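To start, the structure itself, in structure tokens.
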Amino acid sequence: MAHVASPKRFGLTSVTYPYASPQLHRPGSAKKLIIKNFEKPKLPDNYKQQTWEKLKAAVVAIQTSKSISTSQEELYQAVENLCSNRMAAFLYENLRDLCESYIKENVHQFLPESMDSIYFLKLMNEFWQDHCRQMIMIRSIFLFLDRTYILQTPGIISLWDMGLDMFRVNILSNSIIQTRTVEGLLLIIGQERNGQTVDRSLLKNLLRMLLDLQIYQEVFEIHFLKTTEELYAAEGQRLMQELEVPLYLKHVDRRLNEEWERLLQYLDQATKKPLIQCVEKQLIGEHLTAILQKGLDQLLTERRIPDLKLMYDLFSRVKNGLPQLCSHFNQYIKKQGKVIVSNPEKDKTMVQELLEFKDEMDVIVNQCFQKNEKFLNTLKEAFENFVNQRPNKPAELIAKFLDVKLRAGNKESTEEELEMLLDKIMVLFRYIHGKDVFEAFYKKDLAKRLLVGKSASVDAEKSMLSKLKQECGAAFTSKLEGMFKDMEISKELMIAFKQHLVNVKMPASIDMTVNVLTMGYWPSYPPIEVQMPTYMIKYQEVFKKFYLNKHSGRKLSWQPSLGYCVLRATFPNGNKELQVSLFQALVLLLFNKKDSYSFEEIKQSTAIEDGELKRTLQSLACGKARVLHKNPRGKDVEDDDKFLYNSDFKNKLYRIKINQIQMKETQEEQSITQERVFQDRQYQIDAAIVRIMKTRKTSSHNMLITELYEQLKFPVKPSELKKRVESLIDRDYLQRDQENTNQYHYVA
């Protein structure tokens, strides 16, 4: 076939240019060159059909994977020639028919029912890959058509889109083929979910095919998500019964990671959100309550940090997951805390257990629950709830725990560790409603530490005082600060007193130290009268005269129950120094006169109260350091017992501390402290009622009670408030309205 040059877009019909002739040339003149009878070249009559046949042969060769006899350049030029001669529509229609007929001819290979699913998918993938490759090669030949006629003509699609449309209409619109394709894909994915190794590249290619054909969502995704939901719904129900919660959580995490892997490998990213939500809903969301009831308490009790962290991560993915986890966490803390607080048998270890429990819950919130503010708040609320389930006792025990730690000081821990412990105790202190109970017991114990010199660190004492002041205000710590001030003034006073003793003739050489206590700052102590040696009484009189000369108008009251002494003791086996209470010293000093005394003789000589004397003798004759013998032997002291000087006393230490009875709180002391707190609360309630009524003049009962709850800083029952109102009415501070008994008036 002869090659036909492409027609020219512009034909030359005439040209004019200067023409020089030696004979005819005259300056300023020009000649025109005229070409007559120019005609546009004509295409052969059979050019259109011949060219198409050549192009058709090339297309068929591509479809049948045979070699093309004509060069691609020549084919491209042929397409350009047809398009340039207004044959583009003819070319497009014929090419479309040719491609469509080829696809229709191959539909039959996908229809046999006996075909294996995997083989079917491989055949489909192979045909799809061939189709794409063919369309790319065909488009490269018909590129001029694609870029001119198709681009400029509305209503027709590009060659590539035409190929996709033909494949979609003729192959995957067939219900049988479409169903088998989707079922095959779901079958392979199901096999992979069951742990089998599958051909992921096959899945990726076929799912990409569905995406390219724009039928991925309607044909595949809907069925895929439905299958996924059914699978995990059944799996969740089954495994919740079979597995322990930690194993179940790990299984859920593994399943989610597997689905993420599928999204990365072959699923479309648009499927990510519905797929992950489906898995989370069926494996987590549907079993929130069951997971929490079955396993949360165990995980918390065993402090299984990784499992709790995983639970938090998984629960954070679903609706209401974290609120439910937070609620059950709150219930667990209350339940465990109530066991610690409500059991009187745990009183000795309550505070230490609470501190350890708080530390453990803090670790869980910080490490497992990502310091979530809601979990921090629920931790605080739960502790505050259970600590106050047993009124007053936790406050008392926290004060006593502090007393032990501030006595021990650096013996048990470094300064930094003690400071950290004080901070932790302050956290528990914040949860307590009855802070006045804590104050009463803390003040009583602080008094003993200061008076007996048992505070291990003044810095630690003042640090604790600073923390209390920062937490509760200056009014809360004013009396405690006054106690420290009294001790400092007493030190200065004793320096002056010892200088005064130089000029006073005394009957014996005693190093006496006196602490002068301001009554309003210190706990109230019952007055006790005892008989002391005359030289001790002489020292008291000298100090009293010395003090009153400096501070006229004041009254001194001695408190022997708070005194302590150091005695130099002589035993056949060696001399010792005995650190004892004043009561113990009075008893031991009697044995300078004779070696044996009956209980009644000691009682008459010292005038110590029966119960106190029995405890004192018990410490001297029945404890570890037995400087006296008791006859008859036994742990308890009776009225008819006798006591003898122990000449065989031995001890490897030179200075011996004999257990001081006054350092141990008696039940009576505890009751007195609690009664004092109760009375103080009554005074505070009365003052608050009067203050409110003085401002309002008139108030209803309910309004008054509401304002009282806002002002009072300790827990109180409505019945107790009502009693205080009645008391104030009886004392003419308030008056009940004659017409409305629930209305009160302030009596000016």
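Labeling convention for the structure tokens: chains A, B, ... as they appear, residues from 1 per chain, ligands from 1 in order of appearance.
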
>> List the spatial neighbours of region 232-248 of chain A as a list in words - criterion: any atom at most 7 Å away, only C-alpha atoms, same-chain residues fewer than 4 positions off excluded.
In response: Thr228, Val252, Val279, Gln282, Leu283, Ile291, Lys294, Gly295 and Asp307 of chain A

> Which polymer residues have any atom within 9 Å of an atom of region 323-335 of chain A, counting only C-alpha atoms, with same-chain residues fewer than 2 positions away left out, as a list in words?
Replying inline: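 The residues that qualify are Leu288, Thr289, Leu292, Gln293, Leu296, Asp297, Leu300, Met311, Tyr312, Phe315, Lys319, Asn320, Gly321, Gly337, Lys338, Val339, Phe357, Met361, Lys374, Phe375, Thr378, Leu379, Glu381, Ala382, Phe383, Asn385, Phe386 and Val387 of chain A.
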
Considering only C-alpha atoms, return as a PDB file with N, CA, C and O atoms, in the first residue's frame whatever protein or nucleic-acid residues lie within 7 Å of region 179-188 of chain A, sequence-local ones (same chain, fewer than 6 positions apart) excluded.
```pdb
ATOM      1  N   SER A 117     -12.907 -21.684  42.894  1.00  0.00           N
ATOM      2  CA  SER A 117     -12.958 -20.242  43.189  1.00  0.00           C
ATOM      3  C   SER A 117     -11.603 -19.577  43.006  1.00  0.00           C
ATOM      4  O   SER A 117     -11.505 -18.478  42.449  1.00  0.00           O
ATOM      5  N   ILE A 118     -10.558 -20.218  43.496  1.00  0.00           N
ATOM      6  CA  ILE A 118      -9.218 -19.624  43.385  1.00  0.00           C
ATOM      7  C   ILE A 118      -8.804 -19.547  41.918  1.00  0.00           C
ATOM      8  O   ILE A 118      -8.259 -18.522  41.462  1.00  0.00           O
ATOM      9  N   LEU A 121     -10.588 -16.715  40.256  1.00  0.00           N
ATOM     10  CA  LEU A 121     -10.023 -15.394  40.550  1.00  0.00           C
ATOM     11  C   LEU A 121      -8.713 -15.174  39.789  1.00  0.00           C
ATOM     12  O   LEU A 121      -8.445 -14.068  39.313  1.00  0.00           O
ATOM     13  N   VAL A 198      -2.272 -16.751  52.215  1.00  0.00           N
ATOM     14  CA  VAL A 198      -3.005 -16.533  50.966  1.00  0.00           C
ATOM     15  C   VAL A 198      -2.181 -15.643  50.045  1.00  0.00           C
ATOM     16  O   VAL A 198      -1.186 -15.043  50.449  1.00  0.00           O
ATOM     17  N   LEU A 203      -5.356 -10.662  45.711  1.00  0.00           N
ATOM     18  CA  LEU A 203      -6.387  -9.836  46.331  1.00  0.00           C
ATOM     19  C   LEU A 203      -6.207  -8.367  45.969  1.00  0.00           C
ATOM     20  O   LEU A 203      -7.160  -7.669  45.621  1.00  0.00           O
ATOM     21  N   PHE A 220     -18.367  -4.867  46.467  1.00  0.00           N
ATOM     22  CA  PHE A 220     -17.525  -5.611  47.409  1.00  0.00           C
ATOM     23  C   PHE A 220     -17.656  -5.132  48.850  1.00  0.00           C
ATOM     24  O   PHE A 220     -17.907  -5.921  49.763  1.00  0.00           O
ATOM     25  N   PHE A 224     -18.380  -7.254  52.241  1.00  0.00           N
ATOM     26  CA  PHE A 224     -17.201  -7.477  53.081  1.00  0.00           C
ATOM     27  C   PHE A 224     -17.469  -7.045  54.526  1.00  0.00           C
ATOM     28  O   PHE A 224     -17.162  -7.772  55.483  1.00  0.00           O
TER      29      PHE A 224
END
```

> Which residues come within 8 Å of region 122-138 of chain A, counting only C-alpha atoms, excluding same-chain residues fewer than 6 positions away, as a PyMOL selection string?
Replying inline: chain A and resi 59+62-63+110+159-160+163+202+205-206+209

Please dump the current selection as an mmCIF file, in the first residue's frame; keep C-alpha atoms.
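Dumped to result36.cif:
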```
data_model
loop_
_atom_site.group_PDB
_atom_site.id
_atom_site.type_symbol
_atom_site.label_atom_id
_atom_site.label_comp_id
_atom_site.auth_asym_id
_atom_site.auth_seq_id
_atom_site.Cartn_x
_atom_site.Cartn_y
_atom_site.Cartn_z
ATOM 1 C CA VAL A 59 -5.599 -4.142 17.304
ATOM 2 C CA ILE A 62 -2.568 -6.850 20.327
ATOM 3 C CA GLN A 63 -5.679 -8.688 21.596
ATOM 4 C CA PHE A 110 -15.936 -17.282 33.377
ATOM 5 C CA LEU A 159 -10.216 5.266 25.137
ATOM 6 C CA TRP A 160 -9.067 4.147 28.609
ATOM 7 C CA GLY A 163 -12.068 0.044 27.955
ATOM 8 C CA LEU A 202 -4.089 -11.549 43.827
ATOM 9 C CA ASN A 205 -4.989 -6.729 41.965
ATOM 10 C CA LEU A 206 -8.647 -7.735 41.951
ATOM 11 C CA MET A 209 -9.758 -3.727 39.507
#
```

> Contacts of Glu601 (chain A) at 10 Å or less, counting only C-alpha atoms, minus same-chain residues fewer than 5 places along, as a PyMOL selection string?
Replying inline: chain A and resi 590+596+606-607+642

> Hey, what's within 10 Å of Lys405 (chain A) if we count only C-alpha atoms and toss same-chain stuff fewer than 5 positions away? As JSON, numbers by chain, please?
Replying inline: {"A": [400, 410, 411, 412, 413, 418, 421, 422, 455, 456, 460]}
